[in-house]
>>> print(open('my_file05.pdb').read())   # PDB, C-alpha atoms, pLDDT in the B column
MODEL        1
ATOM      1  CA  MET A   1     161.719  27.296  13.314  1.00 70.00           C
ATOM      2  CA  SER A   2     161.762  26.655   9.586  1.00 81.00           C
ATOM      3  CA  LEU A   3     165.567  26.839   9.473  1.00 86.00           C
ATOM      4  CA  ALA A   4     165.810  24.243  12.232  1.00 88.00           C
ATOM      5  CA  LYS A   5     163.478  21.878  10.353  1.00 89.00           C
ATOM      6  CA  THR A   6     165.493  22.359   7.170  1.00 89.00           C
ATOM      7  CA  LEU A   7     168.751  21.556   8.965  1.00 89.00           C
ATOM      8  CA  VAL A   8     167.214  18.465  10.549  1.00 90.00           C
ATOM      9  CA  ASP A   9     165.995  17.278   7.124  1.00 89.00           C
ATOM     10  CA  ILE A  10     169.422  17.871   5.589  1.00 85.00           C
ATOM     11  CA  CYS A  11     171.169  15.912   8.328  1.00 88.00           C
ATOM     12  CA  ARG A  12     168.594  13.097   8.132  1.00 91.00           C
ATOM     13  CA  LEU A  13     169.004  12.722   4.353  1.00 87.00           C
ATOM     14  CA  LEU A  14     172.792  13.191   4.282  1.00 84.00           C
ATOM     15  CA  PRO A  15     173.562   9.435   4.126  1.00 87.00           C
ATOM     16  CA  GLU A  16     171.458   9.174   0.924  1.00 85.00           C
ATOM     17  CA  THR A  17     173.434  11.958  -0.815  1.00 83.00           C
ATOM     18  CA  LYS A  18     175.472  11.031  -3.897  1.00 80.00           C
ATOM     19  CA  VAL A  19     179.056  12.265  -3.535  1.00 81.00           C
ATOM     20  CA  PRO A  20     179.401  13.736  -7.073  1.00 77.00           C
ATOM     21  CA  GLU A  21     176.180  15.717  -6.624  1.00 78.00           C
ATOM     22  CA  LEU A  22     177.377  17.012  -3.259  1.00 82.00           C
ATOM     23  CA  VAL A  23     180.717  18.083  -4.759  1.00 81.00           C
ATOM     24  CA  VAL A  24     179.006  19.864  -7.672  1.00 76.00           C
ATOM     25  CA  SER A  25     176.683  21.652  -5.253  1.00 81.00           C
ATOM     26  CA  LEU A  26     179.507  22.775  -2.967  1.00 86.00           C
ATOM     27  CA  VAL A  27     181.648  23.985  -5.887  1.00 83.00           C
ATOM     28  CA  ALA A  28     178.681  25.888  -7.364  1.00 81.00           C
ATOM     29  CA  LEU A  29     177.889  27.448  -3.995  1.00 86.00           C
ATOM     30  CA  SER A  30     181.493  28.521  -3.451  1.00 89.00           C
ATOM     31  CA  VAL A  31     181.734  30.011  -6.976  1.00 84.00           C
ATOM     32  CA  LEU A  32     178.522  31.976  -6.459  1.00 83.00           C
ATOM     33  CA  ILE A  33     179.730  33.336  -3.125  1.00 88.00           C
ATOM     34  CA  VAL A  34     183.126  34.309  -4.575  1.00 87.00           C
ATOM     35  CA  VAL A  35     181.509  36.073  -7.567  1.00 83.00           C
ATOM     36  CA  LYS A  36     179.152  37.948  -5.257  1.00 83.00           C
ATOM     37  CA  GLU A  37     181.987  39.096  -3.013  1.00 87.00           C
ATOM     38  CA  VAL A  38     184.154  40.151  -5.982  1.00 83.00           C
ATOM     39  CA  ASN A  39     181.233  42.157  -7.362  1.00 80.00           C
ATOM     40  CA  ILE A  40     180.752  43.883  -3.996  1.00 83.00           C
ATOM     41  CA  CYS A  41     184.458  44.622  -3.431  1.00 84.00           C
ATOM     42  CA  TYR A  42     185.253  45.911  -6.916  1.00 80.00           C
ATOM     43  CA  ARG A  43     181.954  47.526  -7.914  1.00 76.00           C
ATOM     44  CA  GLN A  44     183.589  50.980  -8.249  1.00 79.00           C
ATOM     45  CA  LYS A  45     186.533  49.715 -10.307  1.00 77.00           C
ATOM     46  CA  MET A  46     184.635  47.398 -12.686  1.00 73.00           C
ATOM     47  CA  PRO A  47     182.433  49.013 -15.318  1.00 69.00           C
ATOM     48  CA  LEU A  48     180.122  45.991 -15.332  1.00 69.00           C
ATOM     49  CA  PRO A  49     179.592  43.321 -12.689  1.00 69.00           C
ATOM     50  CA  ILE A  50     180.511  39.689 -13.336  1.00 70.00           C
ATOM     51  CA  LEU A  51     177.288  38.074 -14.422  1.00 75.00           C
ATOM     52  CA  ILE A  52     176.356  34.837 -12.708  1.00 76.00           C
ATOM     53  CA  THR A  53     174.863  33.574 -15.980  1.00 78.00           C
ATOM     54  CA  LYS A  54     178.286  33.776 -17.625  1.00 79.00           C
ATOM     55  CA  VAL A  55     179.756  31.746 -14.782  1.00 76.00           C
ATOM     56  CA  VAL A  56     177.007  29.120 -15.062  1.00 78.00           C
ATOM     57  CA  ILE A  57     177.339  28.896 -18.864  1.00 82.00           C
ATOM     58  CA  GLY A  58     181.114  28.593 -18.558  1.00 80.00           C
ATOM     59  CA  ALA A  59     180.808  25.851 -15.952  1.00 77.00           C
ATOM     60  CA  THR A  60     178.315  23.992 -18.144  1.00 78.00           C
ATOM     61  CA  ILE A  61     180.637  24.136 -21.159  1.00 83.00           C
ATOM     62  CA  ILE A  62     183.620  22.956 -19.094  1.00 79.00           C
ATOM     63  CA  THR A  63     181.561  20.110 -17.645  1.00 76.00           C
ATOM     64  CA  HIS A  64     180.389  19.019 -21.090  1.00 77.00           C
ATOM     65  CA  PHE A  65     183.744  19.111 -22.886  1.00 81.00           C
ATOM     66  CA  CYS A  66     185.745  17.620 -20.017  1.00 78.00           C
ATOM     67  CA  GLY A  67     183.309  14.739 -19.543  1.00 74.00           C
ATOM     68  CA  LEU A  68     182.558  15.542 -15.916  1.00 69.00           C
ATOM     69  CA  THR A  69     179.000  14.215 -15.910  1.00 66.00           C
ATOM     70  CA  TYR A  70     179.328  11.280 -13.479  1.00 67.00           C
ATOM     71  CA  SER A  71     175.771  10.278 -14.463  1.00 68.00           C
ATOM     72  CA  ILE A  72     174.180  13.073 -12.436  1.00 69.00           C
ATOM     73  CA  ASP A  73     170.511  13.635 -13.199  1.00 65.00           C
ATOM     74  CA  VAL A  74     170.074  17.348 -13.713  1.00 65.00           C
ATOM     75  CA  VAL A  75     166.345  17.753 -14.288  1.00 69.00           C
ATOM     76  CA  GLY A  76     165.103  14.298 -15.175  1.00 69.00           C
ATOM     77  CA  GLU A  77     162.830  13.519 -18.122  1.00 76.00           C
ATOM     78  CA  ILE A  78     161.829  16.484 -20.273  1.00 76.00           C
ATOM     79  CA  PRO A  79     158.770  15.874 -22.481  1.00 78.00           C
ATOM     80  CA  SER A  80     159.316  16.559 -26.172  1.00 81.00           C
ATOM     81  CA  GLU A  81     155.964  18.306 -26.601  1.00 84.00           C
ATOM     82  CA  LEU A  82     153.482  20.283 -24.547  1.00 82.00           C
ATOM     83  CA  ASN A  83     150.367  18.748 -23.077  1.00 82.00           C
ATOM     84  CA  THR A  84     147.175  19.306 -25.004  1.00 84.00           C
ATOM     85  CA  PRO A  85     145.372  22.351 -23.590  1.00 83.00           C
ATOM     86  CA  ARG A  86     142.013  21.711 -22.006  1.00 86.00           C
ATOM     87  CA  ALA A  87     139.367  23.748 -20.268  1.00 86.00           C
ATOM     88  CA  PRO A  88     139.682  24.057 -16.487  1.00 85.00           C
ATOM     89  CA  ASP A  89     137.322  22.220 -14.179  1.00 87.00           C
ATOM     90  CA  ALA A  90     134.370  24.604 -13.744  1.00 87.00           C
ATOM     91  CA  THR A  91     133.423  23.081 -10.380  1.00 89.00           C
ATOM     92  CA  LEU A  92     136.546  24.664  -8.858  1.00 89.00           C
ATOM     93  CA  PHE A  93     135.617  28.234  -9.856  1.00 88.00           C
ATOM     94  CA  SER A  94     133.526  28.868  -6.762  1.00 88.00           C
ATOM     95  CA  LYS A  95     136.401  27.699  -4.553  1.00 89.00           C
ATOM     96  CA  VAL A  96     139.076  29.929  -6.112  1.00 90.00           C
ATOM     97  CA  ILE A  97     137.154  33.099  -7.010  1.00 88.00           C
ATOM     98  CA  GLY A  98     138.077  34.897  -3.776  1.00 89.00           C
ATOM     99  CA  ASP A  99     141.769  34.066  -4.084  1.00 91.00           C
ATOM    100  CA  ALA A 100     141.748  34.954  -7.787  1.00 89.00           C
ATOM    101  CA  PHE A 101     140.220  38.353  -7.047  1.00 88.00           C
ATOM    102  CA  ALA A 102     142.765  39.031  -4.287  1.00 91.00           C
ATOM    103  CA  ILE A 103     145.649  38.034  -6.578  1.00 91.00           C
ATOM    104  CA  ALA A 104     144.298  40.308  -9.316  1.00 87.00           C
ATOM    105  CA  ILE A 105     144.143  43.271  -6.920  1.00 88.00           C
ATOM    106  CA  VAL A 106     147.671  42.619  -5.632  1.00 91.00           C
ATOM    107  CA  GLY A 107     148.972  42.234  -9.206  1.00 87.00           C
ATOM    108  CA  TYR A 108     147.354  45.509 -10.211  1.00 84.00           C
ATOM    109  CA  ALA A 109     148.843  47.273  -7.155  1.00 87.00           C
ATOM    110  CA  ILE A 110     152.317  45.911  -7.950  1.00 89.00           C
ATOM    111  CA  ASN A 111     151.907  47.013 -11.571  1.00 83.00           C
ATOM    112  CA  ILE A 112     151.007  50.553 -10.494  1.00 84.00           C
ATOM    113  CA  SER A 113     153.821  50.637  -7.932  1.00 87.00           C
ATOM    114  CA  LEU A 114     156.445  49.545 -10.447  1.00 87.00           C
ATOM    115  CA  GLY A 115     155.119  51.995 -13.018  1.00 84.00           C
ATOM    116  CA  LYS A 116     155.348  54.895 -10.581  1.00 86.00           C
ATOM    117  CA  THR A 117     158.809  53.818  -9.426  1.00 89.00           C
ATOM    118  CA  PHE A 118     160.153  53.766 -12.977  1.00 87.00           C
ATOM    119  CA  ALA A 119     158.327  57.000 -13.746  1.00 86.00           C
ATOM    120  CA  LEU A 120     160.151  58.759 -10.904  1.00 88.00           C
ATOM    121  CA  LYS A 121     163.452  57.242 -11.941  1.00 87.00           C
ATOM    122  CA  HIS A 122     163.159  58.192 -15.621  1.00 87.00           C
ATOM    123  CA  GLY A 123     161.175  61.408 -15.265  1.00 86.00           C
ATOM    124  CA  TYR A 124     157.782  60.693 -16.794  1.00 83.00           C
ATOM    125  CA  LYS A 125     154.226  60.659 -15.485  1.00 82.00           C
ATOM    126  CA  VAL A 126     152.054  57.582 -14.887  1.00 79.00           C
ATOM    127  CA  ASP A 127     148.299  57.640 -14.447  1.00 77.00           C
ATOM    128  CA  SER A 128     146.886  54.669 -12.525  1.00 72.00           C
ATOM    129  CA  ASN A 129     143.833  54.602 -14.800  1.00 74.00           C
ATOM    130  CA  GLN A 130     146.164  54.335 -17.774  1.00 72.00           C
ATOM    131  CA  SER A 131     147.528  51.036 -16.435  1.00 70.00           C
ATOM    132  CA  GLY A 132     144.030  49.687 -15.921  1.00 74.00           C
ATOM    133  CA  ILE A 133     143.037  50.590 -19.470  1.00 79.00           C
ATOM    134  CA  GLU A 134     146.186  48.976 -20.880  1.00 78.00           C
ATOM    135  CA  ILE A 135     145.563  45.791 -18.892  1.00 78.00           C
ATOM    136  CA  GLU A 136     142.005  45.699 -20.251  1.00 81.00           C
ATOM    137  CA  LYS A 137     143.336  46.135 -23.803  1.00 84.00           C
ATOM    138  CA  LEU A 138     145.768  43.272 -23.303  1.00 82.00           C
ATOM    139  CA  LEU A 139     143.062  41.005 -21.914  1.00 83.00           C
ATOM    140  CA  THR A 140     140.740  41.855 -24.814  1.00 87.00           C
ATOM    141  CA  ALA A 141     143.489  41.080 -27.329  1.00 87.00           C
ATOM    142  CA  LYS A 142     144.182  37.806 -25.541  1.00 85.00           C
ATOM    143  CA  LYS A 143     140.515  36.820 -25.697  1.00 86.00           C
ATOM    144  CA  LYS A 144     140.389  37.597 -29.417  1.00 87.00           C
ATOM    145  CA  LEU A 145     143.536  35.567 -30.037  1.00 86.00           C
ATOM    146  CA  ASP A 146     142.200  32.658 -27.980  1.00 85.00           C
ATOM    147  CA  ALA A 147     138.949  32.705 -29.961  1.00 86.00           C
ATOM    148  CA  LYS A 148     140.846  32.760 -33.255  1.00 86.00           C
ATOM    149  CA  LEU A 149     143.051  29.854 -32.191  1.00 85.00           C
ATOM    150  CA  LYS A 150     140.004  27.892 -31.065  1.00 86.00           C
ATOM    151  CA  ARG A 151     138.307  28.442 -34.452  1.00 89.00           C
ATOM    152  CA  GLU A 152     141.451  27.283 -36.256  1.00 88.00           C
ATOM    153  CA  GLN A 153     141.666  24.167 -34.080  1.00 87.00           C
ATOM    154  CA  GLU A 154     138.017  23.364 -34.801  1.00 88.00           C
ATOM    155  CA  LYS A 155     138.649  23.761 -38.546  1.00 89.00           C
ATOM    156  CA  GLU A 156     141.608  21.390 -38.320  1.00 88.00           C
ATOM    157  CA  LYS A 157     139.513  18.835 -36.410  1.00 88.00           C
ATOM    158  CA  LYS A 158     136.757  19.002 -39.039  1.00 88.00           C
ATOM    159  CA  LYS A 159     139.320  18.632 -41.799  1.00 87.00           C
ATOM    160  CA  ALA A 160     140.886  15.626 -40.054  1.00 86.00           C
ATOM    161  CA  LYS A 161     137.416  14.030 -39.656  1.00 86.00           C
ATOM    162  CA  LYS A 162     136.671  14.540 -43.361  1.00 85.00           C
ATOM    163  CA  GLU A 163     139.994  12.971 -44.326  1.00 85.00           C
ATOM    164  CA  ALA A 164     139.339  10.055 -41.972  1.00 84.00           C
ATOM    165  CA  LYS A 165     135.900   9.498 -43.589  1.00 82.00           C
ATOM    166  CA  LYS A 166     137.469   9.583 -47.062  1.00 81.00           C
ATOM    167  CA  GLN A 167     139.956   6.890 -46.084  1.00 79.00           C
ATOM    168  CA  VAL A 168     137.164   4.617 -44.784  1.00 70.00           C
TER     169      VAL A 168
ENDMDL
END
>>> encode(input="my_file05.pdb", output="structure tokens")
Amino acid sequence: MSLAKTLVDICRLLPETKVPELVVSLVALSVLIVVKEVNICYRQKMPLPILITKVVIGATIITHFCGLTYSIDVVGEIPSELNTPRAPDATLFSKVIGDAFAIAIVGYAINISLGKTFALKHGYKVDSNQSGIEIEKLLTAKKKLDAKLKREQEKEKKKAKKEAKKQV
């Protein structure tokens, strides 16, 4: 059902499509399909597969140096700096605690699964408690770093206030 809705949306919005953007999309799609098929056909003969990133970087360089931009917006406006961090809205905690707990459990299970998969592949042993302890260590280190950064920010704010008072 989702595929049908997607096709209907594509057909409905087709008249609004810019021709250069459509051409770029079709060329990119065809290049990706060709690279995938070449990788599949010649995987025994090639020591390394053709990396899609190399194809994308090459296409970007060709587009730049040949002047093939046609005023196509790639990603739009990119801010020059990050937003100032702020504390989350505490009123939302009660609404998301169940989902957060479920996500944490699933993340932990995926972590253990990947660890055991790589352990089998490379011939070493993984203890599930070991992963839990390491995650706890990482979270503790993160909390300490966050506290240190917060103290440094507070010092900078106090210093800026003192300098502002001196100027007045």
>>> closest_residue(input="my_file05.pdb", among="A:Val38, A:Val24, A:Lys159, A:Lys45", to="Ala59 (chain A)", atoms="all atoms listed in the file")
A:Val24
>>> residues_around(input="my_file05.pdb", residues="Ile52 (chain A)", least_positions_apart="5", cutoff="9 Å", atoms="all atoms listed in the file", output="PyMOL selection string")
chain A and resi 32+35-36+57
>>> write_last_selection(input="my_file05.pdb", atoms="C-alpha atoms", output="mmCIF file, in the coordinates of the input")
data_model
loop_
_atom_site.group_PDB
_atom_site.id
_atom_site.type_symbol
_atom_site.label_atom_id
_atom_site.label_comp_id
_atom_site.auth_asym_id
_atom_site.auth_seq_id
_atom_site.Cartn_x
_atom_site.Cartn_y
_atom_site.Cartn_z
ATOM 1 C CA LEU A 32 178.522 31.976 -6.459
ATOM 2 C CA VAL A 35 181.509 36.073 -7.567
ATOM 3 C CA LYS A 36 179.152 37.948 -5.257
ATOM 4 C CA ILE A 57 177.339 28.896 -18.864
#
>>> closest_residue(input="my_file05.pdb", among="A:Val8, A:Ile61, A:Val96, A:Tyr108", to="Glu136 (chain A)", atoms="only C-alpha atoms")
A:Tyr108
>>> closest_residue(input="my_file05.pdb", among="A:Ala28, A:Pro85, A:Val34, A:His122", to="Gly58 (chain A)", atoms="only C-alpha atoms")
A:Ala28
>>> closest_residue(input="my_file05.pdb", among="A:Ile112, A:Ala104, A:Leu7, A:Ile97", to="Lys125 (chain A)", atoms="all atoms listed in the file")
A:Ile112
>>> closest_residue(input="my_file05.pdb", among="A:Cys41, A:Leu138, A:Leu14, A:Val56", to="Leu29 (chain A)", atoms="only C-alpha atoms")
A:Val56
>>> closest_residue(input="my_file05.pdb", among="A:Ile50, A:Leu92, A:Ile135, A:Val19", to="Asn111 (chain A)", atoms="all atoms listed in the file")
A:Ile135
>>> axis_aligned_box(input="my_file05.pdb", around="region 99-109 of chain A", padding_each_side="4 Å", output="JSON")
{"center_x": 144.6, "center_y": 40.7, "center_z": -7.1, "size_x": 16.8, "size_y": 21.2, "size_z": 14.1}
>>> resolve_selection(input="my_file05.pdb", expression="the PyMOL selection byres ((chain A and resi 127-129) around 12)", output="PyMOL selection string")
chain A and resi 108-116+119+124-126+130-136
>>> atom_distance(input="my_file05.pdb", atom1="CA of Tyr42 (chain A)", atom2="CA of Phe118 (chain A)")
27.0 Å
>>> atom_distance(input="my_file05.pdb", atom1="CA of Phe93 (chain A)", atom2="CA of Lys142 (chain A)")
20.3 Å
